[in-house]
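See below for the structure under consideration.
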Amino acid sequence: MAGLVSNLLMLFLFFQNICLGFRSPLSVFKRYKDNTRSLSGECLGSDRTVISLGLSDFALDIRMPGVTPKQSDTYLCMSVPLPVDDEAYVVDFKPRASMDTVHHMLLFACDEPSSTEKYWDCDEGTCKDKSNILYAWARNAPPTRLPKGVGFRVGGEAGGRFFVLQVHYGDISAFRDKHKDCSGVTLHLTHQKQPLIAGMYLMMSVNTVIPPGEKVVNADIACRYKRFPMHLFAYRVHTHRLGKVVTGYRVRNGQWTLIGRQSPQLPQAFYPVEHPVDVGYDDIFAARCVFSGEGRTTETHIGGTANDEMCNFYIMYYMEAKHAVSYMTCTQNANPEMFSNIPQEANIPILVKSDMLKMAHGHHEETKGIEKSSLLQQGKKEEEDILDRDFHIEEAIEWPGLDLKLGQVSGLALDSENNLVIFHRGDHVWDENSFDSKFVYQQRGLGPIEQNTILVLNPSNAKLLRSVGKNLFYLPHGLSIDKNGNYWVTDVALHQVLKLGPDDKEPLLVLGVALQPGSDKNHFCQPTDVAVDPVTGSIYVSDGYCNSRIIQFSPNGLYVMQWGEGTDTSLSRDRPGQFHIPHSLALIPDFNQLCVADRENGRILCFRLETGEFINEIKHKSFGRELFAVSYVSGGLLFAVNGMPYPGEAAPVQGFVMNFSTGEIIDTFIPFRKSFEMPHDVVASEDKTVFVGDVHAKAVWKFAFTEKSGTIAEARLKNNPESTDLLKKQEKQQHLVQQAKTGVPFVLITTLLIIPVVVLLAILVFILWRKTTVYRAGGEHKLDSSSGRILGKLRGKGGGGLNLGNFFASHKGYSQKGFDRLSTEGSDQEKDEDDSSDSEEECSAPPPALSSS
């Protein structure tokens with residue numbers, strides 16, 4: 001009897017949802033809001049996650065297990081396994097949340113969640129494998145029901161054995177009473193085969209900047225569709241507070257057909273497409289978000305916090321089962337000129353009534369107060385994240401690493417004991433004769449490098465601890481070390497990625513085919529670097545000089561996905577998804593991101609680990625045209641090195657220290673001894689010790705943390721000192737500052753410096769007086785022996801005058817280090833022809849075309 005009542009109740013709810021679909025979005029929202037307003041903070045107390053709805057249907061309740069977020073803009077994730085082994089279809093979504101507590105929710109399908117905990121911080125990732133978005137909710141949106149015969153396919157051969165719920169808690173002022181949150185979504189699934197398979201197409205802007213006070217700012221997105229026909233049935237818009245209207249179109253033969261248009265300040269539901277729209281091969285998806293920067297005092301960028309902005313246009317579609325693709329994205333504007341013909345409606349904001357705006361924002365009477373609280377909390381968080389800038393990175397001139405006998409230094413890393421690991425090319429050199437026009441290595445007859453190419457050094461004294469890698473490599477390039485101490489390296493001649501144990505002579509894992517360049521899932525073309533996620537074990541490869549892509553592999557080396565494309569020479573500025581030699585990788589575990597040094601574009605691009613979604617670009621004029629390497633230190637510091645300036649450009653070759661959160665340059669550094677020529681890799685430790693390897697100078701520099709002196713820091717931002725006298729003055733100031741730091745007062749130091757001068761003057765006066773006396777006495781008597789010894793010491797070897805240099809040099813503790821003239825050898829504008837750098841051959845032919853993801 002109870003089961004019958006339950007089934008009747010569920011049927012009633014489904015019929016009610018169907019009826020809701022025929023009403024206007026506003027009326028649906030009002031009714032739904034009234035029915036669910038009390039749901040935000042209560043956990044219903046039922047442990048039944050699976051509810052039978054008959055012979056073939058069931059409901060799956062996915063809820064947060066009673067969580068209390070501790071700070072604003074927290075992202076929490078949890079997973080629920082698909083309760084059946086065979087294929088099933090999701091045909092309905094019913095949200096269980098309120099904007100009083102939840103900013104937005106996303107539901108993913110994947111085969112393996114990033115964690116097995118009851119819930120976890122989403123910074124650890126959502127899925128270990130590729131994740132598909134099934135559902136999105138925000139601003140008290142009503143339920144979404146799919147058309148009859150349409151379902152999202154999960155389980156079985158389609159994959160998606162787990163659902164992962166991501167909940168963004170924006171402003172946690174609603175949790176002042178420390179209550180537990182059980183927000184989530186209820187799914188209706190069926191075993192009945194659906195003839196039409198649903199999917200999600202996500203259009204999003206990734207590089208929009210909204211200037212403060214600007215009245216109208218447009219963000220445009222456009223991609224050409226190259227697949228089997230799809231049919232669009234629902235859409236959803238998403239921005240934060242500055243968005244006025246979001247509009248999406250299909251463009252065919254120059255004709256713009258509306259998909260949907262809505263204010264992002266209204267409930268962010270999936271609204272039905274008013275008139276059915278089909279999309280075929282070679283059609284164009286186009287979308288525009290309209291923002292206003294009025295009321296802001298600083299630039300607003302695309303980002304994940306409530307004070308950043310977003311421009312998203314979601315499209316739900318269905319396709320025939322045999323051609324179905326479950327998830328696609330568009331993050332670029334392939335044809336900016338076309339937007340001059342966009343219908344005028346896309347530029348007209350949608351007015352939102354005040355009562356609807358209140359309801360959409362959680363029906364708070366104190367909305368302004370909440371917003372202010374959120375801004376204050378966010379400001380406090382950012383203030384805590386701003387790194388201490390009162391420091392300077394400068395060369396450790398006592399470190400003997402520059403005297404090492406090395407080949408071209410291509411890669412650096414630090415192991416778990418903070419030992420420095422160097423990857424170098426021994427007696428092999430990458431020059432213009434190394435590769436042919438098809439990127440095939442031409443010097444195989446030389447055989448592999450006979451020297452050990454991986455050296456482990458004591459970071460304090462550069463003493464060699466151990467070495468490996470003999471007879472394994474032809475042209476080493478990138479190096480990283482995983483949490484288990486394994487070495488991951490790339491070889492541009494072999495076109496391979498190899499995994500080595502610390503003491504192994506044979507690789508534990510090999511990716512790519514030896515000496516065979518290619519652009520498919522099993523081949524690389526001159527791969528540059530590799531990074532291994534310490535949490536998931538996922539492998540990321542930057543590939544490279546002739547393939548402009550990032551490839552993700554599973555921990556055992558199976559292909560997962562890739563993203564990126566070559567530079568489009570027709571555009572004035574490369575888009576975030578375009579690379580011109582992705583040269584170096586840096587994992588950012590604190591933010592679940594992967595950052596790439598996009599070398600020839602002179603910038604750093606950062607992406608979300610689990611999806612490859614673009615997050616941020618860091619680009620500064622002082623980088624110049626080339627940025628070679630990037631390294632991250634836990635806590636928020638980003639280090640980078642650039643390349644030689646082009647003729648006529650002023651940006652010097654130097655290292656950079658940046659705040660990762662803001663991208664701001666905190667400090668720059670250059671060596672004192674022997675100038676940078678082509679710094680190829682950089683690695684830093686948590687104590688801000690930095691090592692730079694130079695492929696052209698065949699050297700490794702060590703830089704150390706010191707307190708910043710205003711005069712010294714300002715002078716050292718310049719690559720070349722103005723004069724030797726200026727350098728000596730700076731070093732003397734530095735010497736005095738360092739003495740002051742050890743606790744010796746400046747007055748005492750001055751006194752100690754003056755006393756010897758006064759004593760010397762007194763002695764000279766005494767000697768002159770003595771001479772005069774002797775001369776007057778007849779001039780034939782010699783000086784007494786003690787006076788002669790004193791004078792002899794003051795005169796030095798030549799015996800002709802006072803030599804203070806020799807006098808001070810004879811005292812213990814004095815050193816001429818720091819007073820030596822800076823070496824001007826190896827000028828930034830010069831190259832050694834016998835030691836050809838990467839820059840000649842790395843400007844390779846256009847990469848092979850890659851298929852769109």
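In the structure tokens, each chain is lettered A, B, ... as it comes, each chain's residues begin at 1, and ligands are numbered from 1 in order of appearance.
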12 Å contact set for range 553-562 of chain A, only C-alpha atoms, chain neighbours under 6 positions out, as a compact mmCIF listing (two decimals) with N, CA, C and O atoms, in the first residue's frame:
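Written output follows (selection-v8.txt):
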```
# COMPACT_ATOMS: atom_id res chain seq x y z
N ASP A 111 33.56 8.17 -14.61
CA ASP A 111 33.81 6.79 -14.21
C ASP A 111 34.51 6.66 -12.87
O ASP A 111 34.42 5.63 -12.22
N GLU A 112 35.24 7.71 -12.46
CA GLU A 112 35.96 7.63 -11.19
C GLU A 112 36.05 9.01 -10.56
O GLU A 112 36.68 9.90 -11.12
N CYS A 127 36.51 14.71 -11.08
CA CYS A 127 36.66 13.36 -11.61
C CYS A 127 38.11 13.11 -11.99
O CYS A 127 38.81 14.02 -12.43
N LYS A 128 38.54 11.85 -11.84
CA LYS A 128 39.88 11.49 -12.28
C LYS A 128 39.94 11.34 -13.78
O LYS A 128 40.96 11.55 -14.40
N ASP A 129 38.83 10.91 -14.37
CA ASP A 129 38.77 10.79 -15.82
C ASP A 129 38.01 11.99 -16.39
O ASP A 129 37.76 12.97 -15.69
N LYS A 130 37.63 11.92 -17.64
CA LYS A 130 36.91 13.02 -18.26
C LYS A 130 35.51 13.11 -17.68
O LYS A 130 34.82 12.12 -17.54
N SER A 131 35.09 14.33 -17.34
CA SER A 131 33.78 14.53 -16.72
C SER A 131 32.85 15.22 -17.70
O SER A 131 33.26 16.11 -18.44
N ASP A 482 57.74 13.09 -9.46
CA ASP A 482 56.45 12.86 -8.81
C ASP A 482 56.63 12.64 -7.31
O ASP A 482 57.75 12.65 -6.78
N VAL A 497 58.03 10.42 -23.82
CA VAL A 497 58.01 10.73 -22.40
C VAL A 497 58.38 9.45 -21.66
O VAL A 497 57.82 8.39 -21.94
N LEU A 498 59.34 9.54 -20.72
CA LEU A 498 59.80 8.35 -20.01
C LEU A 498 59.72 8.57 -18.50
O LEU A 498 59.96 9.68 -18.01
N LYS A 499 59.41 7.49 -17.80
CA LYS A 499 59.38 7.49 -16.34
C LYS A 499 60.53 6.61 -15.85
O LYS A 499 60.66 5.46 -16.26
N LEU A 508 60.56 2.84 -16.43
CA LEU A 508 59.42 2.11 -15.87
C LEU A 508 58.19 2.26 -16.76
O LEU A 508 57.29 1.42 -16.74
N LEU A 509 58.11 3.35 -17.53
CA LEU A 509 56.97 3.60 -18.42
C LEU A 509 57.46 4.46 -19.58
O LEU A 509 58.26 5.38 -19.38
N VAL A 510 57.00 4.15 -20.78
CA VAL A 510 57.37 4.92 -21.97
C VAL A 510 56.10 5.30 -22.71
O VAL A 510 55.26 4.44 -22.99
N LEU A 511 55.94 6.58 -23.02
CA LEU A 511 54.82 7.07 -23.83
C LEU A 511 55.39 7.61 -25.14
O LEU A 511 56.39 8.33 -25.14
N GLY A 512 54.74 7.29 -26.24
CA GLY A 512 55.22 7.71 -27.54
C GLY A 512 56.05 6.63 -28.20
O GLY A 512 56.49 5.66 -27.55
N SER A 519 50.99 13.14 -34.45
CA SER A 519 50.04 14.01 -33.75
C SER A 519 48.79 13.27 -33.30
O SER A 519 47.77 13.89 -33.02
N ASP A 520 48.83 11.93 -33.23
CA ASP A 520 47.68 11.18 -32.76
C ASP A 520 47.82 10.87 -31.27
O ASP A 520 48.69 11.42 -30.59
N LYS A 521 47.00 9.95 -30.78
CA LYS A 521 46.99 9.64 -29.34
C LYS A 521 48.24 8.88 -28.89
O LYS A 521 48.54 8.85 -27.69
N ASN A 522 48.95 8.25 -29.83
CA ASN A 522 50.08 7.40 -29.48
C ASN A 522 51.43 8.00 -29.84
O ASN A 522 52.46 7.37 -29.62
N HIS A 523 51.44 9.17 -30.45
CA HIS A 523 52.68 9.79 -30.88
C HIS A 523 52.78 11.21 -30.33
O HIS A 523 51.76 11.89 -30.14
N VAL A 530 56.55 17.52 -18.81
CA VAL A 530 55.57 16.57 -18.26
C VAL A 530 55.34 16.94 -16.80
O VAL A 530 56.24 17.41 -16.11
N ALA A 531 54.11 16.77 -16.34
CA ALA A 531 53.75 17.03 -14.94
C ALA A 531 52.82 15.92 -14.48
O ALA A 531 52.00 15.43 -15.25
N VAL A 532 52.94 15.53 -13.21
CA VAL A 532 52.14 14.44 -12.65
C VAL A 532 51.37 14.96 -11.45
O VAL A 532 51.96 15.50 -10.51
N ASP A 533 50.05 14.81 -11.49
CA ASP A 533 49.19 15.26 -10.40
C ASP A 533 49.47 14.42 -9.15
O ASP A 533 49.32 13.20 -9.19
N PRO A 534 49.88 15.04 -8.03
CA PRO A 534 50.19 14.26 -6.82
C PRO A 534 48.97 13.60 -6.19
O PRO A 534 49.11 12.66 -5.42
N VAL A 535 47.78 14.09 -6.52
CA VAL A 535 46.56 13.52 -5.92
C VAL A 535 46.02 12.38 -6.76
O VAL A 535 45.78 11.27 -6.27
N THR A 536 45.84 12.61 -8.05
CA THR A 536 45.21 11.61 -8.92
C THR A 536 46.21 10.74 -9.65
O THR A 536 45.85 9.66 -10.14
N GLY A 537 47.45 11.17 -9.76
CA GLY A 537 48.43 10.44 -10.55
C GLY A 537 48.30 10.68 -12.04
O GLY A 537 49.04 10.08 -12.83
N SER A 538 47.37 11.55 -12.47
CA SER A 538 47.21 11.84 -13.89
C SER A 538 48.47 12.48 -14.45
O SER A 538 49.15 13.25 -13.77
N ILE A 539 48.77 12.15 -15.72
CA ILE A 539 49.99 12.62 -16.38
C ILE A 539 49.60 13.67 -17.41
O ILE A 539 48.69 13.44 -18.22
N TYR A 540 50.28 14.82 -17.40
CA TYR A 540 50.02 15.88 -18.35
C TYR A 540 51.31 16.15 -19.14
O TYR A 540 52.38 16.34 -18.55
N VAL A 541 51.19 16.16 -20.47
CA VAL A 541 52.34 16.35 -21.34
C VAL A 541 52.11 17.56 -22.23
O VAL A 541 51.03 17.71 -22.83
N SER A 542 53.10 18.46 -22.29
CA SER A 542 53.03 19.57 -23.25
C SER A 542 53.74 19.13 -24.53
O SER A 542 54.92 18.81 -24.52
N ASP A 543 52.97 19.11 -25.60
CA ASP A 543 53.45 18.55 -26.87
C ASP A 543 53.14 19.54 -27.99
O ASP A 543 52.00 19.58 -28.46
N ASN A 547 53.48 20.12 -32.17
CA ASN A 547 52.07 19.89 -31.81
C ASN A 547 51.72 20.88 -30.71
O ASN A 547 52.35 20.88 -29.66
N GLY A 577 43.15 29.23 -25.90
CA GLY A 577 43.32 27.83 -26.25
C GLY A 577 44.36 27.59 -27.31
O GLY A 577 44.55 26.45 -27.74
N PHE A 607 44.81 26.36 -16.66
CA PHE A 607 43.63 25.58 -16.99
C PHE A 607 43.21 24.72 -15.80
O PHE A 607 44.03 24.36 -14.96
N LEU A 609 42.34 21.37 -14.04
CA LEU A 609 42.96 20.07 -14.28
C LEU A 609 42.00 19.04 -14.88
O LEU A 609 42.33 18.37 -15.84
N GLU A 610 40.81 18.92 -14.30
CA GLU A 610 39.96 17.79 -14.69
C GLU A 610 39.25 18.01 -16.02
O GLU A 610 38.80 17.05 -16.64
N THR A 611 39.18 19.26 -16.49
CA THR A 611 38.42 19.51 -17.71
C THR A 611 39.23 20.18 -18.81
O THR A 611 38.80 20.20 -19.96
N GLY A 612 40.39 20.74 -18.48
CA GLY A 612 41.13 21.52 -19.45
C GLY A 612 40.51 22.89 -19.70
O GLY A 612 40.90 23.59 -20.63
N GLU A 613 39.56 23.29 -18.87
CA GLU A 613 38.87 24.57 -19.04
C GLU A 613 39.83 25.72 -18.73
O GLU A 613 40.54 25.71 -17.72
N LEU A 850 44.81 19.50 -35.77
CA LEU A 850 44.26 18.65 -34.72
C LEU A 850 42.74 18.66 -34.82
O LEU A 850 42.13 19.68 -35.11
N SER A 851 42.15 17.53 -34.53
CA SER A 851 40.69 17.48 -34.54
C SER A 851 40.15 18.21 -33.33
O SER A 851 40.73 18.17 -32.26
N SER A 852 39.03 18.87 -33.48
CA SER A 852 38.40 19.60 -32.38
C SER A 852 37.87 18.62 -31.36
O SER A 852 37.41 17.55 -31.69
N SER A 853 37.96 19.05 -30.07
CA SER A 853 37.51 18.13 -29.04
C SER A 853 36.01 18.06 -29.05
O SER A 853 35.32 19.03 -28.90
```
Using only C-alpha atoms, determine which residues lie at most 9 Å from Phe639 in chain A, disregarding the query and same-chain residues fewer than 2 positions distant; provide the list as a PyMOL selection string. chain A and resi 629-633+637+641+655-658+682-684+690
Neighbour list for Val246 in chain A as a list in words, cut-off 6 Å, only C-alpha atoms, skip fewer than 2 positions in-chain: Arg261, Gln262, Arg288 and Cys289 of chain A
Can those selected residues be exported to a file as a PDB file, in the first residue's frame so that it contains N, CA and C atoms?
```pdb
ATOM      1  N   ARG A 261      17.131  33.828 -25.159  1.00  0.00           N
ATOM      2  CA  ARG A 261      17.566  35.136 -24.672  1.00  0.00           C
ATOM      3  C   ARG A 261      16.968  35.339 -23.296  1.00  0.00           C
ATOM      4  N   GLN A 262      17.825  35.689 -22.315  1.00  0.00           N
ATOM      5  CA  GLN A 262      17.307  35.801 -20.962  1.00  0.00           C
ATOM      6  C   GLN A 262      18.223  36.699 -20.130  1.00  0.00           C
ATOM      7  N   ARG A 288      26.234  36.159 -27.194  1.00  0.00           N
ATOM      8  CA  ARG A 288      26.743  37.428 -26.676  1.00  0.00           C
ATOM      9  C   ARG A 288      26.238  37.641 -25.258  1.00  0.00           C
ATOM     10  N   CYS A 289      27.157  38.018 -24.355  1.00  0.00           N
ATOM     11  CA  CYS A 289      26.804  38.467 -23.009  1.00  0.00           C
ATOM     12  C   CYS A 289      27.043  39.976 -22.945  1.00  0.00           C
TER      13      CYS A 289
END
```
All residues 8 Å or closer to Pro81 in chain A, only C-alpha atoms, same chain fewer than 5 positions away omitted, as a PyMOL selection string: chain A and resi 161-163
Considering only C-alpha atoms, return as a ChimeraX atom specification whatever protein or nucleic-acid residues lie within 10 Å of Lys193 in chain A, sequence-local ones (same chain, fewer than 6 positions apart) excluded. /A:87-89,149-151,153,321
Keeping only N, CA, C and O atoms, write the selected residues to a file as an mmCIF file, in the first residue's frame.
```
data_model
loop_
_atom_site.group_PDB
_atom_site.id
_atom_site.type_symbol
_atom_site.label_atom_id
_atom_site.label_comp_id
_atom_site.auth_asym_id
_atom_site.auth_seq_id
_atom_site.Cartn_x
_atom_site.Cartn_y
_atom_site.Cartn_z
ATOM 1 N N GLU A 87 23.033 -0.102 -18.617
ATOM 2 C CA GLU A 87 22.774 1.245 -19.098
ATOM 3 C C GLU A 87 21.474 1.818 -18.541
ATOM 4 O O GLU A 87 20.481 1.101 -18.395
ATOM 5 N N ALA A 88 21.475 3.097 -18.220
ATOM 6 C CA ALA A 88 20.270 3.785 -17.747
ATOM 7 C C ALA A 88 20.243 5.172 -18.367
ATOM 8 O O ALA A 88 21.231 5.642 -18.949
ATOM 9 N N TYR A 89 19.084 5.829 -18.240
ATOM 10 C CA TYR A 89 18.889 7.131 -18.867
ATOM 11 C C TYR A 89 18.275 8.098 -17.858
ATOM 12 O O TYR A 89 17.270 7.773 -17.213
ATOM 13 N N GLY A 149 11.139 10.665 -24.778
ATOM 14 C CA GLY A 149 12.035 9.896 -25.636
ATOM 15 C C GLY A 149 13.473 10.361 -25.612
ATOM 16 O O GLY A 149 14.315 9.841 -26.343
ATOM 17 N N VAL A 150 13.797 11.354 -24.757
ATOM 18 C CA VAL A 150 15.153 11.889 -24.669
ATOM 19 C C VAL A 150 15.726 11.626 -23.279
ATOM 20 O O VAL A 150 15.024 11.832 -22.275
ATOM 21 N N GLY A 151 16.960 11.196 -23.207
ATOM 22 C CA GLY A 151 17.595 10.965 -21.912
ATOM 23 C C GLY A 151 19.107 11.082 -22.007
ATOM 24 O O GLY A 151 19.702 10.875 -23.068
ATOM 25 N N ARG A 153 22.470 9.394 -21.347
ATOM 26 C CA ARG A 153 22.859 7.988 -21.219
ATOM 27 C C ARG A 153 24.002 7.852 -20.220
ATOM 28 O O ARG A 153 25.029 8.530 -20.319
ATOM 29 N N ALA A 321 20.833 8.199 -31.331
ATOM 30 C CA ALA A 321 21.690 7.441 -30.425
ATOM 31 C C ALA A 321 23.012 7.025 -31.066
ATOM 32 O O ALA A 321 24.072 7.087 -30.437
#
```
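The closest residue to Ile454 in chain A, picked from A:Thr528, A:Ser467, A:Ser114, A:Asn484 and counting only C-alpha atoms, is A:Ser467.
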